[in-house]
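Visitor: Contents of coords.pdb (PDB, C-alpha atoms, pLDDT in the B column) are given next:
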ATOM      1  CA  MET J  63     -80.533  -0.858 -63.313  1.00 56.00           C
ATOM      2  CA  PRO J  64     -78.166  -3.037 -61.371  1.00 61.00           C
ATOM      3  CA  VAL J  65     -75.969  -1.315 -58.777  1.00 59.00           C
ATOM      4  CA  GLU J  66     -72.242  -1.709 -59.377  1.00 60.00           C
ATOM      5  CA  LEU J  67     -70.325  -2.545 -56.269  1.00 60.00           C
ATOM      6  CA  ARG J  68     -66.854  -1.031 -55.991  1.00 63.00           C
ATOM      7  CA  LYS J  69     -64.095  -2.923 -54.243  1.00 59.00           C
ATOM      8  CA  ARG J  70     -62.598  -1.138 -51.298  1.00 64.00           C
ATOM      9  CA  LYS J  71     -58.865  -0.658 -51.251  1.00 63.00           C
ATOM     10  CA  ALA J  72     -57.066  -2.639 -48.633  1.00 62.00           C
ATOM     11  CA  PRO J  73     -55.872  -0.387 -45.819  1.00 65.00           C
ATOM     12  CA  ALA J  74     -52.181   0.414 -45.889  1.00 65.00           C
ATOM     13  CA  PRO J  75     -50.139  -1.543 -43.335  1.00 66.00           C
ATOM     14  CA  ALA J  76     -49.392   0.312 -40.155  1.00 64.00           C
ATOM     15  CA  PRO J  77     -45.850   1.732 -40.089  1.00 66.00           C
ATOM     16  CA  GLU J  78     -43.351  -0.108 -37.912  1.00 64.00           C
ATOM     17  CA  PRO J  79     -42.549   1.664 -34.679  1.00 62.00           C
ATOM     18  CA  PRO J  80     -39.153   3.406 -34.811  1.00 60.00           C
ATOM     19  CA  ALA J  81     -36.310   1.489 -33.239  1.00 56.00           C
ATOM     20  CA  LYS J  82     -35.254   2.730 -29.882  1.00 57.00           C
ATOM     21  CA  LYS J  83     -31.985   4.559 -29.926  1.00 57.00           C
ATOM     22  CA  GLN J  84     -29.211   2.681 -28.168  1.00 56.00           C
ATOM     23  CA  SER J  85     -27.811   4.540 -25.223  1.00 58.00           C
ATOM     24  CA  LYS J  86     -24.117   5.415 -25.089  1.00 56.00           C
ATOM     25  CA  VAL J  87     -23.582   3.000 -22.230  1.00 50.00           C
ATOM     26  CA  SER J  88     -25.189   0.163 -24.198  1.00 57.00           C
ATOM     27  CA  LYS J  89     -23.065   0.954 -27.240  1.00 59.00           C
ATOM     28  CA  VAL J  90     -19.860   0.900 -25.203  1.00 51.00           C
ATOM     29  CA  ALA J  91     -20.873  -2.338 -23.465  1.00 55.00           C
ATOM     30  CA  ALA J  92     -21.696  -4.007 -26.782  1.00 60.00           C
ATOM     31  CA  LYS J  93     -18.405  -2.839 -28.274  1.00 60.00           C
ATOM     32  CA  VAL J  94     -16.399  -4.146 -25.333  1.00 47.00           C
ATOM     33  CA  LYS J  95     -18.256  -7.459 -25.455  1.00 55.00           C
ATOM     34  CA  GLN J  96     -17.529  -7.818 -29.153  1.00 57.00           C
ATOM     35  CA  THR J  97     -13.869  -6.945 -28.637  1.00 49.00           C
ATOM     36  CA  VAL J  98     -13.462  -9.476 -25.856  1.00 41.00           C
ATOM     37  CA  LYS J  99     -15.054 -12.220 -27.943  1.00 49.00           C
ATOM     38  CA  GLY J 100     -13.244 -11.394 -31.161  1.00 45.00           C
ATOM     39  CA  LYS J 101      -9.709 -10.604 -29.945  1.00 44.00           C
ATOM     40  CA  PRO J 102      -7.454 -12.383 -27.464  1.00 40.00           C
ATOM     41  CA  ALA J 103      -6.083 -10.309 -24.626  1.00 39.00           C
ATOM     42  CA  LYS J 104      -2.648  -8.833 -25.291  1.00 40.00           C
ATOM     43  CA  SER J 105       0.211  -9.813 -23.057  1.00 38.00           C
ATOM     44  CA  ALA J 106       2.476  -7.211 -21.463  1.00 41.00           C
ATOM     45  CA  ASN J 107       5.286  -8.030 -23.879  1.00 45.00           C
ATOM     46  CA  ALA J 108       6.191 -10.421 -26.671  1.00 40.00           C
ATOM     47  CA  ASN J 109       7.251 -13.143 -24.249  1.00 39.00           C
ATOM     48  CA  GLY J 110       4.002 -12.953 -22.285  1.00 40.00           C
ATOM     49  CA  ALA J 111       5.826 -11.884 -19.126  1.00 37.00           C
ATOM     50  CA  SER J 112       4.937  -8.778 -17.196  1.00 46.00           C
ATOM     51  CA  LYS J 113       7.256  -5.796 -17.375  1.00 61.00           C
ATOM     52  CA  PRO J 114       9.875  -5.970 -14.600  1.00 68.00           C
ATOM     53  CA  ALA J 115       9.576  -3.473 -11.788  1.00 83.00           C
ATOM     54  CA  LYS J 116      12.095  -0.665 -11.517  1.00 91.00           C
ATOM     55  CA  PRO J 117      15.010  -1.372  -9.150  1.00 95.00           C
ATOM     56  CA  VAL J 118      14.854  -0.091  -5.574  1.00 96.00           C
ATOM     57  CA  VAL J 119      17.698   0.474  -3.104  1.00 97.00           C
ATOM     58  CA  GLY J 120      18.301  -2.743  -1.186  1.00 97.00           C
ATOM     59  CA  ASP J 121      16.933  -4.992  -3.947  1.00 96.00           C
ATOM     60  CA  THR J 122      19.112  -7.673  -5.515  1.00 97.00           C
ATOM     61  CA  ILE J 123      18.487  -7.634  -9.250  1.00 97.00           C
ATOM     62  CA  THR J 124      19.073 -10.424 -11.759  1.00 96.00           C
ATOM     63  CA  LEU J 125      21.937  -9.115 -13.861  1.00 97.00           C
ATOM     64  CA  ASP J 126      21.501 -11.655 -16.636  1.00 96.00           C
ATOM     65  CA  GLY J 127      19.559  -9.898 -19.407  1.00 95.00           C
ATOM     66  CA  PHE J 128      18.932  -6.757 -17.356  1.00 97.00           C
ATOM     67  CA  GLY J 129      18.588  -3.740 -19.668  1.00 96.00           C
ATOM     68  CA  GLY J 130      19.561  -5.591 -22.838  1.00 96.00           C
ATOM     69  CA  GLU J 131      22.649  -4.879 -24.922  1.00 97.00           C
ATOM     70  CA  ILE J 132      24.349  -1.490 -25.104  1.00 97.00           C
ATOM     71  CA  GLU J 133      27.434  -0.083 -26.822  1.00 97.00           C
ATOM     72  CA  THR J 134      30.476   1.774 -25.539  1.00 95.00           C
ATOM     73  CA  SER J 135      31.711   4.969 -27.153  1.00 91.00           C
ATOM     74  CA  ASP J 136      34.516   2.814 -28.603  1.00 89.00           C
ATOM     75  CA  GLY J 137      31.958   0.712 -30.467  1.00 90.00           C
ATOM     76  CA  ASP J 138      32.118  -2.424 -28.298  1.00 94.00           C
ATOM     77  CA  LYS J 139      28.898  -4.272 -27.443  1.00 97.00           C
ATOM     78  CA  THR J 140      28.355  -4.985 -23.757  1.00 97.00           C
ATOM     79  CA  THR J 141      25.746  -5.527 -21.018  1.00 98.00           C
ATOM     80  CA  LEU J 142      25.283  -4.486 -17.404  1.00 98.00           C
ATOM     81  CA  LYS J 143      26.166  -8.026 -16.329  1.00 97.00           C
ATOM     82  CA  ALA J 144      29.488  -7.880 -18.206  1.00 98.00           C
ATOM     83  CA  LEU J 145      30.347  -4.481 -16.721  1.00 98.00           C
ATOM     84  CA  VAL J 146      29.688  -5.724 -13.177  1.00 98.00           C
ATOM     85  CA  GLU J 147      31.747  -8.869 -13.752  1.00 97.00           C
ATOM     86  CA  GLU J 148      34.672  -6.780 -15.053  1.00 97.00           C
ATOM     87  CA  SER J 149      34.592  -4.481 -12.013  1.00 97.00           C
ATOM     88  CA  LYS J 150      36.317  -5.146  -8.682  1.00 97.00           C
ATOM     89  CA  SER J 151      33.478  -4.205  -6.344  1.00 97.00           C
ATOM     90  CA  GLY J 152      30.597  -2.846  -8.446  1.00 98.00           C
ATOM     91  CA  VAL J 153      29.454  -0.338 -11.051  1.00 98.00           C
ATOM     92  CA  VAL J 154      28.438   3.334 -10.987  1.00 98.00           C
ATOM     93  CA  ILE J 155      26.285   4.517 -13.912  1.00 98.00           C
ATOM     94  CA  PHE J 156      25.245   8.147 -14.126  1.00 98.00           C
ATOM     95  CA  THR J 157      22.683   9.035 -16.787  1.00 98.00           C
ATOM     96  CA  TYR J 158      22.558  12.328 -18.692  1.00 98.00           C
ATOM     97  CA  PRO J 159      20.081  13.703 -21.273  1.00 98.00           C
ATOM     98  CA  LYS J 160      22.451  14.855 -24.038  1.00 97.00           C
ATOM     99  CA  ALA J 161      26.188  14.832 -24.594  1.00 98.00           C
ATOM    100  CA  SER J 162      28.136  18.103 -24.690  1.00 97.00           C
ATOM    101  CA  THR J 163      25.340  20.237 -23.191  1.00 98.00           C
ATOM    102  CA  PRO J 164      26.234  22.489 -20.213  1.00 98.00           C
ATOM    103  CA  GLY J 165      24.563  20.473 -17.446  1.00 98.00           C
ATOM    104  CA  CYS J 166      25.827  17.140 -18.776  1.00 98.00           C
ATOM    105  CA  THR J 167      29.346  18.520 -19.186  1.00 98.00           C
ATOM    106  CA  ASN J 168      29.300  19.724 -15.580  1.00 98.00           C
ATOM    107  CA  GLN J 169      28.119  16.304 -14.375  1.00 98.00           C
ATOM    108  CA  ALA J 170      30.707  14.381 -16.405  1.00 98.00           C
ATOM    109  CA  CYS J 171      33.542  16.642 -15.240  1.00 98.00           C
ATOM    110  CA  LEU J 172      32.601  16.209 -11.557  1.00 98.00           C
ATOM    111  CA  PHE J 173      33.082  12.462 -11.928  1.00 98.00           C
ATOM    112  CA  ARG J 174      36.239  13.070 -13.978  1.00 98.00           C
ATOM    113  CA  ASP J 175      37.887  15.312 -11.377  1.00 98.00           C
ATOM    114  CA  SER J 176      37.279  12.824  -8.537  1.00 98.00           C
ATOM    115  CA  TYR J 177      37.785   9.691 -10.617  1.00 98.00           C
ATOM    116  CA  GLU J 178      40.727   8.312  -8.626  1.00 97.00           C
ATOM    117  CA  SER J 179      39.175   8.747  -5.183  1.00 97.00           C
ATOM    118  CA  LEU J 180      35.819   7.315  -6.316  1.00 98.00           C
ATOM    119  CA  THR J 181      37.341   4.222  -7.947  1.00 97.00           C
ATOM    120  CA  GLU J 182      40.028   3.526  -5.341  1.00 96.00           C
ATOM    121  CA  GLY J 183      37.780   1.001  -3.597  1.00 95.00           C
ATOM    122  CA  GLY J 184      37.060  -0.952  -6.794  1.00 97.00           C
ATOM    123  CA  LEU J 185      33.999   0.797  -8.254  1.00 98.00           C
ATOM    124  CA  ALA J 186      33.905   1.247 -12.035  1.00 98.00           C
ATOM    125  CA  ILE J 187      32.333   4.477 -13.378  1.00 98.00           C
ATOM    126  CA  TYR J 188      30.326   4.852 -16.606  1.00 98.00           C
ATOM    127  CA  GLY J 189      28.214   7.569 -18.169  1.00 98.00           C
ATOM    128  CA  LEU J 190      25.000   6.500 -19.962  1.00 98.00           C
ATOM    129  CA  SER J 191      22.834   8.319 -22.506  1.00 98.00           C
ATOM    130  CA  ALA J 192      20.770   7.700 -25.633  1.00 97.00           C
ATOM    131  CA  ASP J 193      23.386   9.519 -27.729  1.00 97.00           C
ATOM    132  CA  SER J 194      25.130   7.912 -30.688  1.00 96.00           C
ATOM    133  CA  PRO J 195      28.665   6.498 -30.362  1.00 96.00           C
ATOM    134  CA  LYS J 196      29.942   9.394 -32.473  1.00 95.00           C
ATOM    135  CA  ALA J 197      28.394  12.043 -30.189  1.00 97.00           C
ATOM    136  CA  ASN J 198      29.663  10.329 -27.047  1.00 97.00           C
ATOM    137  CA  THR J 199      33.160   9.825 -28.502  1.00 97.00           C
ATOM    138  CA  THR J 200      33.391  13.548 -29.260  1.00 97.00           C
ATOM    139  CA  PHE J 201      32.158  14.326 -25.737  1.00 98.00           C
ATOM    140  CA  LYS J 202      34.636  11.925 -24.100  1.00 98.00           C
ATOM    141  CA  THR J 203      37.596  13.199 -26.120  1.00 97.00           C
ATOM    142  CA  LYS J 204      36.858  16.895 -25.682  1.00 98.00           C
ATOM    143  CA  GLN J 205      36.375  16.646 -21.899  1.00 98.00           C
ATOM    144  CA  LYS J 206      39.236  14.105 -21.452  1.00 98.00           C
ATOM    145  CA  LEU J 207      37.034  11.706 -19.516  1.00 98.00           C
ATOM    146  CA  PRO J 208      38.944   8.780 -17.961  1.00 98.00           C
ATOM    147  CA  TYR J 209      35.926   6.455 -18.048  1.00 98.00           C
ATOM    148  CA  GLN J 210      33.765   4.930 -20.797  1.00 97.00           C
ATOM    149  CA  LEU J 211      30.503   6.434 -22.019  1.00 98.00           C
ATOM    150  CA  LEU J 212      27.694   3.983 -22.793  1.00 98.00           C
ATOM    151  CA  CYS J 213      25.372   4.481 -25.776  1.00 98.00           C
ATOM    152  CA  ASP J 214      21.757   3.318 -25.502  1.00 98.00           C
ATOM    153  CA  PRO J 215      19.805   4.721 -28.496  1.00 96.00           C
ATOM    154  CA  SER J 216      16.898   2.325 -27.860  1.00 95.00           C
ATOM    155  CA  ALA J 217      16.886   3.306 -24.148  1.00 97.00           C
ATOM    156  CA  THR J 218      16.550  -0.327 -23.030  1.00 97.00           C
ATOM    157  CA  LEU J 219      18.960   0.002 -20.100  1.00 98.00           C
ATOM    158  CA  ILE J 220      17.869   3.576 -19.379  1.00 98.00           C
ATOM    159  CA  ASP J 221      14.265   2.350 -19.113  1.00 97.00           C
ATOM    160  CA  ALA J 222      15.203  -0.661 -16.969  1.00 97.00           C
ATOM    161  CA  LEU J 223      16.912   1.675 -14.498  1.00 98.00           C
ATOM    162  CA  GLY J 224      13.804   3.882 -14.357  1.00 97.00           C
ATOM    163  CA  PHE J 225      15.366   6.931 -16.017  1.00 98.00           C
ATOM    164  CA  LYS J 226      13.430   6.983 -19.299  1.00 97.00           C
ATOM    165  CA  LYS J 227      11.141   9.935 -19.956  1.00 95.00           C
ATOM    166  CA  ALA J 228       7.839   9.509 -21.793  1.00 89.00           C
ATOM    167  CA  PRO J 229       7.534   9.572 -24.720  1.00 89.00           C
ATOM    168  CA  LYS J 230      11.230  10.239 -25.311  1.00 91.00           C
ATOM    169  CA  GLY J 231      14.234  11.460 -23.369  1.00 96.00           C
ATOM    170  CA  THR J 232      16.496  10.603 -20.445  1.00 98.00           C
ATOM    171  CA  THR J 233      16.213  11.712 -16.825  1.00 98.00           C
ATOM    172  CA  ARG J 234      19.485  12.687 -15.173  1.00 98.00           C
ATOM    173  CA  GLY J 235      20.243  10.241 -12.380  1.00 98.00           C
ATOM    174  CA  VAL J 236      22.687   7.762 -10.859  1.00 98.00           C
ATOM    175  CA  PHE J 237      22.651   4.004 -10.280  1.00 98.00           C
ATOM    176  CA  VAL J 238      25.119   1.927  -8.239  1.00 98.00           C
ATOM    177  CA  VAL J 239      25.129  -1.875  -7.969  1.00 98.00           C
ATOM    178  CA  ASP J 240      27.630  -4.172  -6.256  1.00 98.00           C
ATOM    179  CA  LYS J 241      29.114  -7.446  -7.509  1.00 97.00           C
ATOM    180  CA  ALA J 242      26.238  -9.476  -6.061  1.00 97.00           C
ATOM    181  CA  GLY J 243      23.612  -7.398  -7.883  1.00 97.00           C
ATOM    182  CA  LYS J 244      22.513  -5.472  -4.796  1.00 98.00           C
ATOM    183  CA  VAL J 245      21.276  -1.953  -5.620  1.00 98.00           C
ATOM    184  CA  LEU J 246      23.132   0.616  -3.496  1.00 98.00           C
ATOM    185  CA  ILE J 247      21.890   3.815  -5.171  1.00 98.00           C
ATOM    186  CA  VAL J 248      19.147   4.563  -7.699  1.00 98.00           C
ATOM    187  CA  GLU J 249      17.882   8.131  -7.787  1.00 98.00           C
ATOM    188  CA  PRO J 250      17.351  11.088 -10.114  1.00 98.00           C
ATOM    189  CA  GLY J 251      19.234  14.298  -9.388  1.00 98.00           C
ATOM    190  CA  SER J 252      21.166  17.337 -10.505  1.00 98.00           C
ATOM    191  CA  PRO J 253      24.732  17.138 -11.853  1.00 98.00           C
ATOM    192  CA  ALA J 254      26.123  17.838  -8.374  1.00 98.00           C
ATOM    193  CA  GLY J 255      23.446  15.713  -6.685  1.00 98.00           C
ATOM    194  CA  THR J 256      24.334  12.555  -8.616  1.00 98.00           C
ATOM    195  CA  PHE J 257      28.042  13.071  -7.922  1.00 98.00           C
ATOM    196  CA  ASN J 258      27.541  13.764  -4.202  1.00 98.00           C
ATOM    197  CA  ALA J 259      25.439  10.597  -3.790  1.00 98.00           C
ATOM    198  CA  VAL J 260      28.349   8.464  -5.012  1.00 98.00           C
ATOM    199  CA  LYS J 261      30.895  10.470  -3.030  1.00 97.00           C
ATOM    200  CA  LYS J 262      28.887   9.881   0.162  1.00 97.00           C
ATOM    201  CA  LEU J 263      28.590   6.140  -0.545  1.00 97.00           C
ATOM    202  CA  VAL J 264      32.352   5.823  -1.051  1.00 97.00           C
ATOM    203  CA  ALA J 265      33.067   7.752   2.169  1.00 95.00           C
ATOM    204  CA  GLU J 266      30.698   5.530   4.167  1.00 94.00           C
ATOM    205  CA  SER J 267      32.269   2.384   2.695  1.00 91.00           C
ATOM    206  CA  GLU J 268      35.754   3.575   3.624  1.00 88.00           C
ATOM    207  CA  GLY J 269      34.609   4.406   7.155  1.00 84.00           C
ATOM    208  CA  ALA J 270      33.070   0.965   7.612  1.00 82.00           C
ATOM    209  CA  ALA J 271      36.253  -0.703   6.351  1.00 77.00           C
ATOM    210  CA  ALA J 272      38.399   1.326   8.768  1.00 77.00           C
ATOM    211  CA  LYS J 273      36.302   0.174  11.757  1.00 76.00           C
ATOM    212  CA  GLU J 274      36.686  -3.481  10.806  1.00 72.00           C
ATOM    213  CA  ASP J 275      40.503  -3.354  10.538  1.00 63.00           C
ATOM    214  CA  PRO J 276      42.445  -3.080  13.868  1.00 60.00           C
ATOM    215  CA  PRO J 277      44.957  -0.214  14.066  1.00 58.00           C
ATOM    216  CA  ALA J 278      48.257  -1.623  12.811  1.00 55.00           C
ATOM    217  CA  GLU J 279      50.555   0.851  14.646  1.00 54.00           C
ATOM    218  CA  LYS J 280      49.330  -0.081  18.146  1.00 51.00           C
ATOM    219  CA  THR J 281      49.672  -3.784  17.394  1.00 49.00           C
ATOM    220  CA  GLU J 282      53.275  -3.289  16.242  1.00 52.00           C
ATOM    221  CA  GLU J 283      54.145  -1.171  19.310  1.00 51.00           C
ATOM    222  CA  LYS J 284      52.765  -3.812  21.670  1.00 51.00           C
ATOM    223  CA  SER J 285      54.675  -6.622  19.975  1.00 51.00           C
ATOM    224  CA  ALA J 286      57.874  -4.541  20.100  1.00 52.00           C
ATOM    225  CA  GLU J 287      57.507  -3.867  23.833  1.00 54.00           C
ATOM    226  CA  ASP J 288      56.974  -7.479  24.866  1.00 54.00           C
ATOM    227  CA  PRO J 289      60.565  -8.725  24.288  1.00 50.00           C
ATOM    228  CA  GLU J 290      61.985  -5.824  26.319  1.00 52.00           C
ATOM    229  CA  GLU J 291      59.696  -6.561  29.253  1.00 50.00           C
ATOM    230  CA  LYS J 292      60.693 -10.209  29.190  1.00 50.00           C
ATOM    231  CA  ALA J 293      64.400  -9.276  29.162  1.00 51.00           C
ATOM    232  CA  LYS J 294      64.147  -7.167  32.369  1.00 53.00           C
ATOM    233  CA  PRO J 295      65.280  -9.163  35.474  1.00 53.00           C
ATOM    234  CA  THR J 296      62.927  -9.489  38.398  1.00 51.00           C
ATOM    235  CA  ASN J 297      63.843  -8.591  41.995  1.00 54.00           C
ATOM    236  CA  GLY J 298      64.501 -12.244  42.716  1.00 48.00           C
ATOM    237  CA  ASP J 299      66.900 -12.513  39.809  1.00 51.00           C
ATOM    238  CA  VAL J 300      68.882  -9.478  41.017  1.00 45.00           C
ATOM    239  CA  ALA J 301      69.163 -10.944  44.529  1.00 43.00           C
ATOM    240  CA  GLU J 302      70.426 -14.272  43.188  1.00 44.00           C
ATOM    241  CA  GLU J 303      73.078 -12.502  41.128  1.00 45.00           C
ATOM    242  CA  LYS J 304      74.379 -10.645  44.210  1.00 44.00           C
ATOM    243  CA  VAL J 305      74.477 -13.840  46.254  1.00 40.00           C
ATOM    244  CA  ASP J 306      76.397 -15.686  43.522  1.00 46.00           C
ATOM    245  CA  GLY J 307      78.868 -12.827  43.328  1.00 45.00           C
ATOM    246  CA  ALA J 308      79.481 -12.893  47.077  1.00 40.00           C
ATOM    247  CA  THR J 309      80.105 -16.658  47.079  1.00 39.00           C
ATOM    248  CA  GLU J 310      82.675 -16.396  44.351  1.00 40.00           C
TER     249      GLU J 310
END
Hey, can you dump this file as structure tokens for me?

Guide:
Amino acid sequence: MPVELRKRKAPAPAPEPPAKKQSKVSKVAAKVKQTVKGKPAKSANANGASKPAKPVVGDTITLDGFGGEIETSDGDKTTLKALVEESKSGVVIFTYPKASTPGCTNQACLFRDSYESLTEGGLAIYGLSADSPKANTTFKTKQKLPYQLLCDPSATLIDALGFKKAPKGTTRGVFVVDKAGKVLIVEPGSPAGTFNAVKKLVAESEGAAAKEDPPAEKTEEKSAEDPEEKAKPTNGDVAEEKVDGATE
């Protein structure tokens, strides 16, 4: 009887070795590489220019475009450049977190009570906050402030001066710039601290001006004495008069 041969089944293919797990470092590197290839690098702002550095005492800033456009409590649009141009010798801007709060009221009233002495030399004073024109108008009217309050809801000027809090809010401080754009003061501080910084600057400016001008009283006295000294006769003149008298 013939033997029936059975066909052997083909062996099953060997399973593929499991893929090695990618390390965290490799994943991050691959992701960064893909991002760099797929997306262009973002510029610092829409214009592609880097964000300007905050002003420092002694720096001369470019007033044109500095801090963008702001609004007065009266509803008029203005800029830092326009305020400086309108002033006689420069601009004082004190910043405050919120209108009509105790600390801000104290700060505003300190500048109000010494307004005449602080502005006598030509400085113009302004308060600046992110409050609305309505809130600042109420604040100005209630406290009878003799100067304008500036409204900066977008905090463009507040940020340019270096007084913007992250993510939102305003640091109390003071900024002073002269007609040429030179920064004289830029510092955070308490209500009294911001006021005293400006008071000290004004006192120093007045002292420097007094040294440059010669004392007027002494000059007048000297000029008044000169004609009298010239009118006095000398010893020779007296002798000649006596001789002439004797001859006659």

Visitor: Can you tell me, as JSON, numbers by chain, what residues are no more than 8 Å from Gly127 (chain J) when counting all atoms listed in the file, ignoring any on the same chain fewer than 3 positions away?

Guide: {"J": [124, 130, 141, 143]}

Visitor: Go through J:Ser194, J:Thr122, J:Thr233, J:Ser216 and flag the residue nearest Thr256 (chain J), using all atoms listed in the file for the distances.

Guide: J:Thr233

Visitor: Which residues match the PyMOL selection byres ((chain J and resi 158) around 9) in the file above, as a list in words?

Guide: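 Applied to this file, the PyMOL selection byres ((chain J and resi 158) around 9) returns Phe156, Thr157, Pro159, Lys160, Ala161, Gly165, Cys166, Gln169, Ala170, Gly189, Leu190, Ser191, Ala192, Thr232, Thr233, Arg234, Gly235 and Pro253 of chain J.
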
Visitor: Using C-alpha atoms, can you write the selected residues to a file as a PDB file, in the frame of the given file?

Guide:
ATOM      1  CA  PHE J 156      25.245   8.147 -14.126  1.00 98.00           C
ATOM      2  CA  THR J 157      22.683   9.035 -16.787  1.00 98.00           C
ATOM      3  CA  PRO J 159      20.081  13.703 -21.273  1.00 98.00           C
ATOM      4  CA  LYS J 160      22.451  14.855 -24.038  1.00 97.00           C
ATOM      5  CA  ALA J 161      26.188  14.832 -24.594  1.00 98.00           C
ATOM      6  CA  GLY J 165      24.563  20.473 -17.446  1.00 98.00           C
ATOM      7  CA  CYS J 166      25.827  17.140 -18.776  1.00 98.00           C
ATOM      8  CA  GLN J 169      28.119  16.304 -14.375  1.00 98.00           C
ATOM      9  CA  ALA J 170      30.707  14.381 -16.405  1.00 98.00           C
ATOM     10  CA  GLY J 189      28.214   7.569 -18.169  1.00 98.00           C
ATOM     11  CA  LEU J 190      25.000   6.500 -19.962  1.00 98.00           C
ATOM     12  CA  SER J 191      22.834   8.319 -22.506  1.00 98.00           C
ATOM     13  CA  ALA J 192      20.770   7.700 -25.633  1.00 97.00           C
ATOM     14  CA  THR J 232      16.496  10.603 -20.445  1.00 98.00           C
ATOM     15  CA  THR J 233      16.213  11.712 -16.825  1.00 98.00           C
ATOM     16  CA  ARG J 234      19.485  12.687 -15.173  1.00 98.00           C
ATOM     17  CA  GLY J 235      20.243  10.241 -12.380  1.00 98.00           C
ATOM     18  CA  PRO J 253      24.732  17.138 -11.853  1.00 98.00           C
TER      19      PRO J 253
END

Visitor: Quote the spacing between CA of Pro164 (chain J) and CA of Lys206 (chain J) in Å to one decimal place.

Guide: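 Value for the CA of Pro164 (chain J)-CA of Lys206 (chain J) distance: 15.5 Å.
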
Visitor: For this file, the PyMOL selection byres ((chain J and resi 257) around 10) selects which residues, as a list in words?

Guide: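 Here the PyMOL selection byres ((chain J and resi 257) around 10) matches Phe156, Gln169, Ala170, Cys171, Leu172, Phe173, Ser176, Leu180, Gly235, Val236, Gly251, Ser252, Pro253, Ala254, Gly255, Thr256, Asn258, Ala259, Val260, Lys261 and Lys262 of chain J.
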
Visitor: Taking the file above as input, evaluate the PyMOL selection byres ((chain J and resi 121) around 6) and report the hits as a list in words.

Guide: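 Output from the PyMOL selection byres ((chain J and resi 121) around 6), applied to this file: Val118, Val119, Gly120, Thr122, Lys244 and Val245 of chain J.
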
Visitor: Pick from J:Gly152, J:Pro195, J:Pro250, J:Pro229: nearest to Asp136 (chain J), with all atoms listed in the file counted?

Guide: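 The answer is J:Pro195, which sits nearest to Asp136 (chain J).
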
Visitor: One decimal, in Å: what's the spacing between CA of Asp240 (chain J) and CA of Pro208 (chain J)?

Guide: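 Result for CA of Asp240 (chain J) versus CA of Pro208 (chain J): 20.8 Å, one decimal.
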
Visitor: Within 7 Å of (36.7, 9.5, -21.5) in the file's own coordinates, which protein, DNA or RNA residues have an atom, counting all atoms listed in the file? List them as a list in words.

Guide: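 Result, sorted by chain then residue number: Lys202, Thr203, Lys206, Leu207, Pro208, Tyr209, Gln210 and Leu211 of chain J.
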
Visitor: What is the CA of Ala144 (chain J)-CA of Glu178 (chain J) distance in Å, reported with one decimal?

Guide: 21.9 Å

Visitor: Need to verify the contact set: Val146 (chain J), 12 Å, all atoms listed in the file, exclusion of same-chain residues closer than 5 positions in sequence. Can you return it as a tab-separated table (two decimals) with C-alpha atoms, keeping the file's coordinate frame?

Guide:
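What ended up in result_10.tsv:
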chain	number	residue	atom	x	y	z
J	124	THR	CA	19.07	-10.42	-11.76
J	125	LEU	CA	21.94	-9.12	-13.86
J	126	ASP	CA	21.50	-11.66	-16.64
J	128	PHE	CA	18.93	-6.76	-17.36
J	140	THR	CA	28.36	-4.99	-23.76
J	141	THR	CA	25.75	-5.53	-21.02
J	151	SER	CA	33.48	-4.20	-6.34
J	152	GLY	CA	30.60	-2.85	-8.45
J	153	VAL	CA	29.45	-0.34	-11.05
J	154	VAL	CA	28.44	3.33	-10.99
J	155	ILE	CA	26.28	4.52	-13.91
J	184	GLY	CA	37.06	-0.95	-6.79
J	185	LEU	CA	34.00	0.80	-8.25
J	186	ALA	CA	33.90	1.25	-12.04
J	187	ILE	CA	32.33	4.48	-13.38
J	188	TYR	CA	30.33	4.85	-16.61
J	238	VAL	CA	25.12	1.93	-8.24
J	239	VAL	CA	25.13	-1.88	-7.97
J	240	ASP	CA	27.63	-4.17	-6.26
J	241	LYS	CA	29.11	-7.45	-7.51
J	242	ALA	CA	26.24	-9.48	-6.06
J	243	GLY	CA	23.61	-7.40	-7.88
J	244	LYS	CA	22.51	-5.47	-4.80
J	245	VAL	CA	21.28	-1.95	-5.62

Visitor: What would the file be for region 249-256 of chain J if you keep N, CA and C atoms and write it as a CSV table (one decimal), in the first residue's frame?

Guide:
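Just written: out_23.csv:
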chain,number,residue,atom,x,y,z
J,249,GLU,N,11.4,106.7,37.8
J,249,GLU,CA,11.5,105.8,38.9
J,249,GLU,C,10.2,105.5,39.5
J,250,PRO,N,10.0,104.3,40.1
J,250,PRO,CA,8.8,104.0,40.8
J,250,PRO,C,8.9,104.6,42.2
J,251,GLY,N,7.8,104.7,42.9
J,251,GLY,CA,7.8,105.2,44.2
J,251,GLY,C,6.5,105.4,44.9
J,252,SER,N,6.5,105.8,46.1
J,252,SER,CA,5.2,106.0,46.9
J,252,SER,C,4.6,107.3,46.4
J,253,PRO,N,3.4,107.7,46.9
J,253,PRO,CA,2.8,109.0,46.6
J,253,PRO,C,3.8,110.1,47.0
J,254,ALA,N,4.3,110.1,48.2
J,254,ALA,CA,5.2,111.1,48.6
J,254,ALA,C,6.6,111.0,47.9
J,255,GLY,N,7.0,109.8,47.6
J,255,GLY,CA,8.3,109.6,47.0
J,255,GLY,C,8.3,110.2,45.6
J,256,THR,N,7.3,110.0,44.8
J,256,THR,CA,7.2,110.6,43.5
J,256,THR,C,7.2,112.1,43.5
